[in-house]
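One structure is given here, and the rest of the page talks about it.
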Amino acid sequence: MPSPDLWKSVDALWTWLETDQPVSGREGLLLRILKLSEEVGEVSEAVIGAIGQNPRKGVSHTWEDVQGELCDVVITALVALRTLTPDTREVFHRHLSRVTERSLGPRVSDPSPGRATPPGHRGLRGSRPQSDLPRDRRHGTPTDRGLG
């Protein structure tokens, strides 16, 4: 079975929600974005259930449930982004590029095109002089930038 195209699916889900939404306008937009919080809560519930943290419920979820809930978060976020802009793909890819460069550094020439960057590879960041790294103000030690 062929994989569904991500962006066509996002557009189709957005169209379906727009056609059948009970609340529209600004409130509809806010509710669509707030749906993310609900989905993130379901990820938390699945993680707690997968490790059996709640003694009353025990192990109530699997790690596959967690994976599914994380996918729901991604889908919900992309549909919310589509609600804000019809240029969803471009906005997402532009932002992903910024986050990737900020986190991994400028692209390094890879002798094998199409090959994924190996785990733990930090691009050119390892070649920067120590003085260029951001410093933790309390300890004076180099720090790494987060994804946020």
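Residues are referred to by chain and number: the chain letter is A, B, ... according to the order shown in the structure tokens, the number counts from 1 in that chain, and ligands are numbered separately from 1 in the order shown.
Using only C-alpha atoms, the contacts of A:Thr83 at a cut-off of 8 Å, with sequence neighbours closer than 4 positions omitted, comprise Trp14, Leu29 and Val79 of chain A.
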Now that the selection is made, can you save its residues with N, CA, C and O atoms as an mmCIF file, in the first residue's frame?
data_model
loop_
_atom_site.group_PDB
_atom_site.id
_atom_site.type_symbol
_atom_site.label_atom_id
_atom_site.label_comp_id
_atom_site.auth_asym_id
_atom_site.auth_seq_id
_atom_site.Cartn_x
_atom_site.Cartn_y
_atom_site.Cartn_z
ATOM 1 N N TRP A 14 -7.612 19.263 6.957
ATOM 2 C CA TRP A 14 -7.994 20.657 7.195
ATOM 3 C C TRP A 14 -9.329 20.962 6.509
ATOM 4 O O TRP A 14 -10.227 21.560 7.118
ATOM 5 N N LEU A 29 -10.388 29.000 15.416
ATOM 6 C CA LEU A 29 -8.932 28.961 15.286
ATOM 7 C C LEU A 29 -8.280 28.643 16.629
ATOM 8 O O LEU A 29 -7.415 27.773 16.732
ATOM 9 N N VAL A 79 -2.095 20.416 11.071
ATOM 10 C CA VAL A 79 -3.422 20.901 10.685
ATOM 11 C C VAL A 79 -3.660 22.293 11.283
ATOM 12 O O VAL A 79 -4.219 23.166 10.613
#
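In this structure, atom CA of A:Gly25 sits 21.9 Å away from atom CA of A:Glu39.
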Distance query A:Thr62 at most 9 Å, only C-alpha atoms, self and fewer than 4 positions along chain excluded, as a PyMOL selection string: chain A and resi 46-47+49-51+66-67
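Across the model, the gap from atom CA of A:Ser44 to atom CA of A:Val59 is 13.5 Å.
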